[in-house]
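A.B. asks: Pasting in a structure now, in structure tokens, and then I'll have a few things to ask.
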Amino acid sequence: MKINDNRPIGVFDSGMGGLTVLKELQAILPHENFIYVADSLNLPYGDKTEDQIIQFTQRIMDWFKQQDVKMVVLACHTSSAIAHASLIQNAAFPILCSITPIAEHFKNQSRHIGIMATQRTTQSKVFEKYFLSHNNDHKLVSLACPEFVPLIEAQQIDTIESSLIVQRYLNEFLDRNIETLIFGCTHYPYLKKMLEKLLPENSFLTFEDPGFYLALKTSKTLEELNLKNNGLNGATKFYSTHAPDIFAEKIKFALDIKTNVNLVKA
Ligand code: DGL
């Protein structure tokens, strides 16, 4: 029997990166209610230790539990790479990892893949582990792009300075002749337009955003677990662990909506 489960879905990221995933989720699941949390206080996660990332993310999961969420989408790839395995140990709800859905998507297409990610994600080799466990013929190269998150959080995505930085990282991948470049950090899709402009004219390189595959996986999992909300159109509430007004400006920039952001003390 189909039930109407209108409890919210928690969506988590260290900052504004996960808004790129939220957009995909809202498009695919218009009837669901979402609670988006940005851990702005501890951003960036990419240069934190594994213990810190597990601790920060666990605190947010404990807070989500108080909010009675029915599922959590761990949009943040750094948290997915480092903390997902430990978070699911005693979780009261399903927690979806951001990396497995795109690895599953590419299982039948052997590719020469580049992965742009944070330092911690790159060091963890989790993208390599998941992609190769589905298809051993992939060739993968992952490189850390530590300068990207500060640029994006400062909304510097179309300046000459930022294009020089982005070109430098892009060249590293172009030199390695990859076919597909994956945004291994939720922040990086904000740079897609710039990256496309910086590509040489004869390049066939394509960009892939794991957020799309994660949203599809979320929909499928809700269906399988009979957790869908089939009622009225859903709503989204936004929270930040620091400076909610500043985060509201970032939401305006990313989603073009004016909204209230609450402070969460997790
Ligand atoms: N946006 C996050 C990710 O997907 C992490 C960015 C950061 O806080 O360093 O990995």
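Note on naming: chains are A, B, ... as they come in the structure tokens, residues start from 1 per chain, ligands start from 1 in the order shown.
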For ligand 1, list the contacting residues at 9 Å or closer, counting only C-alpha atoms and all ligand atoms, as a compact mmCIF listing (two decimals) with N, CA and C atoms, in the first residue's frame.
C.D. replies:
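The file below, pocket-v4.txt, is the result:
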# COMPACT_ATOMS: atom_id res chain seq x y z
N ASP A 13 25.66 19.63 3.23
CA ASP A 13 26.92 20.00 2.58
C ASP A 13 27.69 20.90 3.54
N SER A 14 28.99 21.04 3.28
CA SER A 14 29.78 21.95 4.12
C SER A 14 29.40 23.41 3.86
N GLY A 15 28.84 23.70 2.69
CA GLY A 15 28.54 25.10 2.36
C GLY A 15 27.49 25.20 1.27
N MET A 16 27.74 26.07 0.28
CA MET A 16 26.74 26.29 -0.77
C MET A 16 26.82 25.26 -1.89
N GLY A 17 27.84 24.40 -1.86
CA GLY A 17 27.99 23.40 -2.92
C GLY A 17 26.77 22.52 -3.06
N GLY A 18 26.23 22.07 -1.93
CA GLY A 18 25.09 21.15 -1.97
C GLY A 18 23.83 21.75 -2.56
N ASP A 39 27.27 23.47 6.81
CA ASP A 39 28.14 23.60 7.99
C ASP A 39 29.17 24.71 7.74
N SER A 40 28.65 25.92 7.54
CA SER A 40 29.51 27.06 7.18
C SER A 40 30.59 27.34 8.23
N ASN A 42 32.44 25.28 9.78
CA ASN A 42 33.61 24.41 9.62
C ASN A 42 34.13 24.31 8.20
N LEU A 43 33.50 25.01 7.28
CA LEU A 43 33.95 25.03 5.88
C LEU A 43 35.36 25.64 5.80
N PRO A 44 36.25 25.19 4.96
CA PRO A 44 36.12 24.06 4.05
C PRO A 44 36.45 22.73 4.74
N TYR A 45 35.76 21.68 4.32
CA TYR A 45 36.05 20.35 4.84
C TYR A 45 37.30 19.75 4.17
N GLY A 46 37.58 20.22 2.97
CA GLY A 46 38.63 19.60 2.15
C GLY A 46 40.01 19.57 2.78
N ASP A 47 40.28 20.49 3.72
CA ASP A 47 41.60 20.48 4.35
C ASP A 47 41.53 20.02 5.81
N LYS A 48 40.40 19.47 6.23
CA LYS A 48 40.27 18.99 7.62
C LYS A 48 40.76 17.53 7.73
N ALA A 75 25.12 15.19 0.36
CA ALA A 75 25.53 15.80 -0.91
C ALA A 75 27.05 15.97 -0.97
N CYS A 76 27.63 16.34 0.16
CA CYS A 76 29.06 16.65 0.23
C CYS A 76 29.92 15.41 -0.06
N HIS A 77 30.75 15.50 -1.11
CA HIS A 77 31.56 14.33 -1.48
C HIS A 77 32.66 14.07 -0.46
N THR A 78 33.16 15.12 0.16
CA THR A 78 34.22 14.91 1.16
C THR A 78 33.66 14.12 2.34
N SER A 79 32.45 14.47 2.78
CA SER A 79 31.81 13.71 3.86
C SER A 79 31.48 12.30 3.40
N SER A 80 31.00 12.17 2.16
CA SER A 80 30.68 10.83 1.65
C SER A 80 31.93 9.96 1.60
N ALA A 81 33.04 10.56 1.14
CA ALA A 81 34.28 9.78 1.02
C ALA A 81 34.83 9.37 2.39
N SER A 98 27.12 10.26 -1.94
CA SER A 98 27.04 10.97 -3.22
C SER A 98 27.83 10.32 -4.35
N ALA A 117 38.47 17.20 -7.26
CA ALA A 117 37.88 17.03 -5.92
C ALA A 117 38.69 17.80 -4.90
N THR A 118 38.23 17.74 -3.65
CA THR A 118 38.99 18.38 -2.59
C THR A 118 40.21 17.51 -2.26
N GLN A 119 41.10 18.10 -1.50
CA GLN A 119 42.32 17.40 -1.12
C GLN A 119 42.00 16.10 -0.37
N ARG A 120 41.09 16.19 0.58
CA ARG A 120 40.78 15.01 1.41
C ARG A 120 40.12 13.92 0.57
N THR A 121 39.21 14.29 -0.32
CA THR A 121 38.56 13.29 -1.17
C THR A 121 39.59 12.63 -2.08
N PRO A 146 42.27 22.69 -4.54
CA PRO A 146 41.98 23.38 -3.28
C PRO A 146 41.62 24.86 -3.41
N PHE A 148 39.46 26.13 -5.51
CA PHE A 148 38.11 26.35 -6.06
C PHE A 148 37.06 26.75 -5.01
N VAL A 149 37.02 26.02 -3.87
CA VAL A 149 35.93 26.27 -2.90
C VAL A 149 35.96 27.72 -2.38
N PRO A 150 37.12 28.26 -1.99
CA PRO A 150 37.11 29.67 -1.55
C PRO A 150 36.62 30.62 -2.64
N PHE A 183 32.82 16.36 -11.64
CA PHE A 183 32.89 17.33 -10.55
C PHE A 183 32.80 16.55 -9.24
N GLY A 184 33.96 16.26 -8.65
CA GLY A 184 34.00 15.44 -7.43
C GLY A 184 33.85 16.26 -6.17
N CYS A 185 33.32 17.46 -6.32
CA CYS A 185 33.01 18.33 -5.19
C CYS A 185 31.76 19.11 -5.61
N THR A 186 30.79 19.19 -4.70
CA THR A 186 29.51 19.81 -5.06
C THR A 186 29.63 21.28 -5.45
N HIS A 187 30.72 21.90 -5.04
CA HIS A 187 30.90 23.31 -5.38
C HIS A 187 31.23 23.51 -6.87
N TYR A 188 31.91 22.53 -7.48
CA TYR A 188 32.51 22.77 -8.79
C TYR A 188 31.53 22.98 -9.95
A.B. asks: Near Ile35 of chain A, within 7 Å and counting only C-alpha atoms, which residues show up once chain neighbours fewer than 3 positions away are dropped, as a ChimeraX atom specification?
C.D. replies: /A:8-11,236-238
A.B. asks: For Thr218 of chain A, work out the shell of residues within 12 Å, counting only C-alpha atoms and skipping chain neighbours fewer than 5 positions away, then give it as a PyMOL selection string.
C.D. replies: chain A and resi 9-11+21-22+24-26+28-29+32+70-75+94-98+100-101+211-213+223-228
A.B. asks: In Å, rounded to a single decimal, give me how far atom CA of Phe207 of chain A is from atom CA of Val37 of chain A.
C.D. replies: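 Answer for the atom CA of Val37 of chain A to atom CA of Phe207 of chain A separation: 26.4 Å.
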A.B. asks: Counting only C-alpha atoms, which of A:Leu205, A:Ile53, A:Ile246, A:Leu19 gets nearest to Ala83 of chain A?
C.D. replies: A:Ile53
A.B. asks: For Lys193 of chain A, which of A:Leu132, A:Ile157, A:Ile99, A:Phe127 is the closest residue, counting only C-alpha atoms?
C.D. replies: A:Ile157
A.B. asks: Counting only C-alpha atoms, which residue out of A:Thr221, A:Thr241, A:Thr20, A:Ser86 sits closest to Ala254 of chain A?
C.D. replies: A:Thr20
A.B. asks: Please list as a count of residues only every residue within 9 Å of Lys265 of chain A, counting only C-alpha atoms and excluding residues in the same chain fewer than 3 positions away.
C.D. replies: 4
A.B. asks: In segment 109-235 of chain A, what's strand (DSSP E) per DSSP? Answer as a PyMOL selection string?
C.D. replies: chain A and resi 112-117+139-144+180-183+206-208
A.B. asks: Could those residues be written to a file, using C-alpha atoms, as a CSV table (one decimal), in the first residue's frame?
C.D. replies:
chain,number,residue,atom,x,y,z
A,112,HIS,CA,39.3,7.7,-19.2
A,113,ILE,CA,38.0,9.7,-16.4
A,114,GLY,CA,39.3,12.8,-14.6
A,115,ILE,CA,38.0,13.7,-11.1
A,116,MET,CA,38.3,17.2,-9.7
A,117,ALA,CA,37.9,17.0,-5.9
A,139,LYS,CA,41.3,4.7,-16.3
A,140,LEU,CA,41.1,7.3,-13.6
A,141,VAL,CA,43.0,10.3,-12.6
A,142,SER,CA,42.0,12.5,-9.6
A,143,LEU,CA,43.5,15.8,-8.8
A,144,ALA,CA,42.8,18.1,-5.8
A,180,THR,CA,35.1,12.7,-19.0
A,181,LEU,CA,35.7,15.2,-16.2
A,182,ILE,CA,33.7,14.6,-13.0
A,183,PHE,CA,32.9,17.3,-10.5
A,206,THR,CA,32.5,16.3,-21.3
A,207,PHE,CA,31.6,17.3,-17.8
A,208,GLU,CA,29.6,15.1,-15.4
A.B. asks: Using only C-alpha atoms, which protein or nucleic acid residues come within 8 Å of Phe131 of chain A? Drop anything in the same chain fewer than 5 positions from it, and give the result as JSON, numbers by chain.
C.D. replies: {"A": [100, 103, 104, 106, 107, 136, 138]}
A.B. asks: Residues as selected, N, CA and C atoms, written as a PDB file, in the first residue's frame, can you do that?
C.D. replies:
ATOM      1  N   THR A 100      28.556   6.754  -4.987  1.00  0.00           N
ATOM      2  CA  THR A 100      28.187   5.467  -5.607  1.00  0.00           C
ATOM      3  C   THR A 100      27.239   5.614  -6.814  1.00  0.00           C
ATOM      4  N   ALA A 103      29.122   6.223 -10.011  1.00  0.00           N
ATOM      5  CA  ALA A 103      29.973   5.051 -10.323  1.00  0.00           C
ATOM      6  C   ALA A 103      29.118   3.943 -10.930  1.00  0.00           C
ATOM      7  N   GLU A 104      27.913   3.756 -10.390  1.00  0.00           N
ATOM      8  CA  GLU A 104      26.996   2.745 -10.953  1.00  0.00           C
ATOM      9  C   GLU A 104      26.595   3.131 -12.379  1.00  0.00           C
ATOM     10  N   PHE A 106      28.241   4.639 -14.656  1.00  0.00           N
ATOM     11  CA  PHE A 106      29.291   4.408 -15.652  1.00  0.00           C
ATOM     12  C   PHE A 106      29.791   2.970 -15.710  1.00  0.00           C
ATOM     13  N   LYS A 107      29.067   2.058 -15.042  1.00  0.00           N
ATOM     14  CA  LYS A 107      29.626   0.702 -14.925  1.00  0.00           C
ATOM     15  C   LYS A 107      29.794  -0.009 -16.275  1.00  0.00           C
ATOM     16  N   ASN A 136      36.468  -2.505 -13.937  1.00  0.00           N
ATOM     17  CA  ASN A 136      37.914  -2.509 -13.765  1.00  0.00           C
ATOM     18  C   ASN A 136      38.670  -1.906 -14.944  1.00  0.00           C
ATOM     19  N   HIS A 138      38.053   1.083 -16.326  1.00  0.00           N
ATOM     20  CA  HIS A 138      38.175   2.543 -16.307  1.00  0.00           C
ATOM     21  C   HIS A 138      39.637   2.940 -16.078  1.00  0.00           C
TER      22      HIS A 138
END
